[in-house]
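One structure is given here, and the rest of the page talks about it.
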Amino acid sequence: MTETLQPGGNARRFLLGSVLGAGALLLFKPRLARADDSVEVKIDNFVFMPALIRVKKGTSVTWVNNDDIPHSIVCPVLQVHSHPMDTGEKFSYQFDKAGIYNYVCGLHPHMHGQIVVS
Amino acid sequence: MSYDPTNEPDASRRGFLKCMTWAGTAMVWTMAGGIPRSRLIGSAEAATTSDPFSFVQISDSHLGFDKPANPDVTATLQDALNNVTAMPKQPAFMIHTGDITHLSKPAQFDTASQLMGATKLTVHTVPGEHDILEEDGKSYLNRFGKGAKGDGWYSFNSNGVHFIALVNVVNLQGNGLGNLGHAQLEWLEDDVKHLSASTPIVVFAHVPLWIVYEDWGWGTSDGAQALSYLKKFGSVTVLNGHIHQTMQKVEGHVAFHTVCSTAFPQPAPGTAKSPGPMLVPAAELKKRLGIAQVSLVSSNAPLAIVDTPLAS
């Protein structure tokens, strides 16, 4: 199932430090996408891969859950809270504004990632 | 049961690891004056034979899960409930410490209600994080939260024991630690204020109230504050699920215990890359699943907890 949400979704209350996991994120080489790209982030073994991506405005990012347990995408700044993605399910979001967006898994907030939109 | 200080549990790291190896094996855990002792199930049966009051804890049924770690969680929940109904002396009631469902779907809740209802036992529940994925938790509260406060917390008395059901899965903190929140903590403080210090207290919630393994969010960020309201009580037993394995520890008069899942096991803290479902050989699965029976075993209010795997 692929689900696409726009800003204004029903976000739950999650604490998300602006520097959450920044050190760990730097370990991964950022991926740069063109404006017309759609970028995929895989979820494997409770990790977003890649954890940090850089995209142009208008890029759609799709998360794919490859784990045997559901995950969700929660980005408080954008008030995005996806439905839980079961195994093989996807969630897409189009980033239309420049900025740095930290997100976590709503069920497992120790999983974190970052999208840098320019 | 008399208190024997020579049998006090080893709270050291060695003792902690030894407790972890009990997952999947039957044991009894008795508490006298707030101090628990563990023994194998053979002596447990002797200890519980004459007790007038016991209840059963089940947890983490994850109805709807169908992956290789357990393709039929409905069948293993049914096995667990069969073990309950087969008990020679029926427990007073059953508690379910959350993750009743895997994805909070109506059909999953309905199956749970049907299976648990067939036992004819009163079931007291708290939600796990998998039970509040839809409709801001209303799908859980509409079925199991009648009469509860806030996100589903409540208390009740039974056979001289005061039971407190807490919800710590709504506002996960940091790495995923559970959280009770200000409103629930205030309610808890008021709930126990007028109780006698000799009243045995049983607290149950989904995520462990103590910090089991912070990297995986296995603990409750403000659990210590909740426990501070229970300091005056001589016997406090804390029952949790979430981590899908048996673990215990003792701090003063507070005894903590987590129970196995009825669905699938999870790895011991830090022994795997992630806390996801652990695939074990099919013949091993039911040794990693189970239920717990908690008993009041004598007049001075010790409690005994017997963990029983679905297969020995």
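So you can find residues: chains in the structure tokens are A, B, ... in the order shown, residues in each start at 1, and ligands are numbered from 1 in order.
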
Output the contact residues of chain B with respect to chain A at a cut-off of 10 Å, based on only C-alpha atoms, as a short mmCIF file (atom, residue, chain, number, x, y, z; two decimals) with N, CA and C atoms, in the first residue's frame.
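The new file selection_32.cif reads:
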```
data_model
loop_
_atom_site.label_atom_id
_atom_site.label_comp_id
_atom_site.auth_asym_id
_atom_site.auth_seq_id
_atom_site.Cartn_x
_atom_site.Cartn_y
_atom_site.Cartn_z
N PHE B 65 -0.42 -10.08 13.56
CA PHE B 65 0.95 -10.39 13.13
C PHE B 65 0.95 -11.75 12.44
N ASP B 66 1.63 -11.83 11.29
CA ASP B 66 1.62 -13.11 10.55
C ASP B 66 2.97 -13.41 9.90
N LYS B 67 4.03 -12.87 10.47
CA LYS B 67 5.35 -13.03 9.88
C LYS B 67 6.03 -14.31 10.39
N PRO B 68 7.20 -14.66 9.80
CA PRO B 68 7.82 -15.96 10.12
C PRO B 68 8.07 -16.21 11.62
N ALA B 69 8.25 -15.17 12.40
CA ALA B 69 8.51 -15.38 13.83
C ALA B 69 7.34 -16.09 14.51
N HIS B 102 -1.83 -5.99 16.75
CA HIS B 102 -0.59 -5.58 16.08
C HIS B 102 -0.74 -4.21 15.42
N LEU B 103 -1.93 -3.94 14.86
CA LEU B 103 -2.11 -2.71 14.10
C LEU B 103 -3.39 -1.96 14.48
N SER B 104 -3.96 -2.27 15.63
CA SER B 104 -5.16 -1.56 16.12
C SER B 104 -6.35 -1.68 15.20
N GLU B 129 1.67 0.29 22.62
CA GLU B 129 1.75 1.27 21.54
C GLU B 129 1.11 0.75 20.25
N HIS B 130 1.02 -0.57 20.11
CA HIS B 130 0.38 -1.13 18.91
C HIS B 130 -1.15 -1.05 18.99
N LEU B 133 -2.73 2.87 17.43
CA LEU B 133 -2.25 3.36 16.14
C LEU B 133 -3.35 4.01 15.32
N GLU B 134 -4.58 3.74 15.65
CA GLU B 134 -5.70 4.29 14.87
C GLU B 134 -6.56 5.19 15.74
N GLU B 135 -7.08 6.23 15.14
CA GLU B 135 -8.08 7.11 15.78
C GLU B 135 -7.62 7.66 17.12
N ASP B 136 -6.32 7.97 17.22
CA ASP B 136 -5.78 8.53 18.47
C ASP B 136 -6.12 7.67 19.69
N VAL B 169 2.25 4.62 26.96
CA VAL B 169 2.62 4.44 25.54
C VAL B 169 2.15 5.57 24.64
N VAL B 170 1.53 6.59 25.21
CA VAL B 170 0.93 7.64 24.37
C VAL B 170 1.95 8.67 23.92
N ASN B 171 2.83 9.03 24.78
CA ASN B 171 3.76 10.13 24.49
C ASN B 171 5.19 9.65 24.69
N LEU B 172 5.64 8.78 23.79
CA LEU B 172 6.97 8.18 23.94
C LEU B 172 8.05 9.27 23.93
N GLN B 173 9.08 9.04 24.71
CA GLN B 173 10.12 10.06 24.88
C GLN B 173 11.46 9.57 24.33
N GLY B 174 12.28 10.52 23.90
CA GLY B 174 13.65 10.21 23.52
C GLY B 174 13.76 9.01 22.61
N ASN B 175 14.43 7.99 23.07
CA ASN B 175 14.64 6.78 22.26
C ASN B 175 13.42 5.87 22.23
N GLY B 176 12.30 6.35 22.73
CA GLY B 176 11.09 5.54 22.73
C GLY B 176 10.67 5.13 24.12
N LEU B 177 11.28 5.74 25.12
CA LEU B 177 10.89 5.41 26.50
C LEU B 177 9.43 5.73 26.75
N GLU B 214 17.79 1.39 27.72
CA GLU B 214 17.37 2.70 27.21
C GLU B 214 17.55 2.82 25.69
N ASP B 215 18.60 2.17 25.15
CA ASP B 215 18.86 2.30 23.71
C ASP B 215 17.68 1.83 22.87
N TRP B 216 16.92 0.89 23.40
CA TRP B 216 15.75 0.39 22.67
C TRP B 216 14.43 0.97 23.22
N GLY B 217 14.55 1.93 24.10
CA GLY B 217 13.35 2.53 24.67
C GLY B 217 12.63 1.62 25.64
N ALA B 272 21.15 -8.09 19.79
CA ALA B 272 20.82 -8.07 18.37
C ALA B 272 20.88 -6.62 17.89
N LYS B 273 20.83 -6.45 16.57
CA LYS B 273 20.89 -5.09 16.02
C LYS B 273 19.63 -4.30 16.34
N SER B 274 18.54 -5.00 16.51
CA SER B 274 17.28 -4.31 16.76
C SER B 274 16.39 -5.18 17.65
N PRO B 275 15.36 -4.57 18.25
CA PRO B 275 14.46 -5.35 19.11
C PRO B 275 13.32 -6.01 18.37
N GLY B 276 13.47 -6.27 17.08
CA GLY B 276 12.37 -6.85 16.30
C GLY B 276 12.07 -8.29 16.67
N PRO B 277 11.01 -8.85 16.06
CA PRO B 277 10.63 -10.23 16.34
C PRO B 277 11.80 -11.18 16.11
N MET B 278 12.00 -12.11 17.03
CA MET B 278 13.14 -13.03 16.94
C MET B 278 12.65 -14.36 16.38
#
```

*Would you kindly return, as a ChimeraX atom specification, each protein, DNA or RNA residue with an atom no farther than 12 Å from any atom of range 89-91 of chain A, considering only C-alpha atoms and excluding same-chain residues fewer than 6 positions away?*
/A:1-6,39-43,60-74,80-83

Given the selection you just returned, output its residues as a file containing C-alpha atoms, formatted as a PDB file, in the first residue's frame.
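File written: again.pdb
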```
ATOM      1  CA  MET A   1       0.000   0.000   0.000  1.00  0.00           C
ATOM      2  CA  THR A   2       1.321   3.445  -0.867  1.00  0.00           C
ATOM      3  CA  GLU A   3      -0.037   6.357   1.072  1.00  0.00           C
ATOM      4  CA  THR A   4       0.616  10.029   0.471  1.00  0.00           C
ATOM      5  CA  LEU A   5      -0.108  12.723   3.013  1.00  0.00           C
ATOM      6  CA  GLN A   6       0.207  16.469   2.842  1.00  0.00           C
ATOM      7  CA  VAL A  39      13.723   9.319  -3.578  1.00  0.00           C
ATOM      8  CA  GLU A  40      13.303   6.093  -1.668  1.00  0.00           C
ATOM      9  CA  VAL A  41      14.286   5.510   1.949  1.00  0.00           C
ATOM     10  CA  LYS A  42      14.384   1.880   3.005  1.00  0.00           C
ATOM     11  CA  ILE A  43      13.625   0.753   6.536  1.00  0.00           C
ATOM     12  CA  SER A  60       8.760  13.187  -3.248  1.00  0.00           C
ATOM     13  CA  VAL A  61      10.337  10.905  -0.660  1.00  0.00           C
ATOM     14  CA  THR A  62       8.981   7.387  -0.264  1.00  0.00           C
ATOM     15  CA  TRP A  63       9.717   5.224   2.751  1.00  0.00           C
ATOM     16  CA  VAL A  64       9.486   1.448   2.324  1.00  0.00           C
ATOM     17  CA  ASN A  65       9.222  -0.810   5.351  1.00  0.00           C
ATOM     18  CA  ASN A  66      11.205  -4.031   4.933  1.00  0.00           C
ATOM     19  CA  ASP A  67      10.962  -5.036   8.594  1.00  0.00           C
ATOM     20  CA  ASP A  68       8.661  -7.626  10.150  1.00  0.00           C
ATOM     21  CA  ILE A  69       7.257  -4.978  12.470  1.00  0.00           C
ATOM     22  CA  PRO A  70       5.307  -1.818  11.590  1.00  0.00           C
ATOM     23  CA  HIS A  71       6.937   1.578  11.463  1.00  0.00           C
ATOM     24  CA  SER A  72       5.588   5.071  10.914  1.00  0.00           C
ATOM     25  CA  ILE A  73       7.014   8.424   9.907  1.00  0.00           C
ATOM     26  CA  VAL A  74       6.576  11.310  12.327  1.00  0.00           C
ATOM     27  CA  VAL A  80       3.165  14.700   9.459  1.00  0.00           C
ATOM     28  CA  HIS A  81       2.268  11.414  11.058  1.00  0.00           C
ATOM     29  CA  SER A  82       1.923   8.534   8.656  1.00  0.00           C
ATOM     30  CA  HIS A  83      -0.260   5.558   9.232  1.00  0.00           C
TER      31      HIS A  83
END
```

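As for CA of Ser155 in chain B and CA of Lys105 in chain B, they are spaced 26.6 Å apart.
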
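Between CA of Ala107 in chain B and CA of Gln78 in chain B lies a distance of 16.1 Å.
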
*Long-range neighbours of range 138-153 of chain B as a PyMOL selection string, 9 Å cut-off, only C-alpha atoms, 5 positions minimum in chain*: chain B and resi 104-106+109-110+113+124-127+131-133+164-167+170+183-184

*Distance query Ser198 in chain B at most 8 Å, only C-alpha atoms, self and fewer than 4 positions along chain excluded, as a PyMOL selection string*: chain B and resi 233-235

*Report the residues of range 43-105 of chain A whose backbone DSSP state falls under strand (DSSP E), written as an NGL selection string.*
:A and (43-44 or 47-49 or 52-55 or 59-65 or 74-75 or 80-81 or 90-95 or 99-104)

_Nearby residues (only C-alpha atoms) at most 6 Å from Gly113 in chain A, same-chain spacing under 2 positions excluded, as a ChimeraX atom specification_ = /A:51-52,102-103

With N, CA and C atoms retained, could you export that selection as a PDB file, in the first residue's frame?
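The file below, result_38.pdb, is the result:
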```
ATOM      1  N   ALA A  51      19.925   7.513   6.116  1.00  0.00           N
ATOM      2  CA  ALA A  51      19.349   8.267   7.222  1.00  0.00           C
ATOM      3  C   ALA A  51      19.318   9.761   6.928  1.00  0.00           C
ATOM      4  N   LEU A  52      20.217  10.216   6.067  1.00  0.00           N
ATOM      5  CA  LEU A  52      20.254  11.634   5.709  1.00  0.00           C
ATOM      6  C   LEU A  52      20.221  11.750   4.196  1.00  0.00           C
ATOM      7  N   ASN A 102      13.819  16.893  10.551  1.00  0.00           N
ATOM      8  CA  ASN A 102      14.120  15.685  11.322  1.00  0.00           C
ATOM      9  C   ASN A 102      12.849  14.864  11.472  1.00  0.00           C
ATOM     10  N   TYR A 103      12.992  13.571  11.421  1.00  0.00           N
ATOM     11  CA  TYR A 103      11.823  12.719  11.629  1.00  0.00           C
ATOM     12  C   TYR A 103      12.229  11.470  12.406  1.00  0.00           C
TER      13      TYR A 103
END
```

*asked:* For Thr262 in chain B, find every residue with an atom within 8 Å (counting only C-alpha atoms), except residues of its own chain fewer than 4 positions away, and show them as a PyMOL selection string.
replied: chain B and resi 58-61+73+76-77+80+289-291
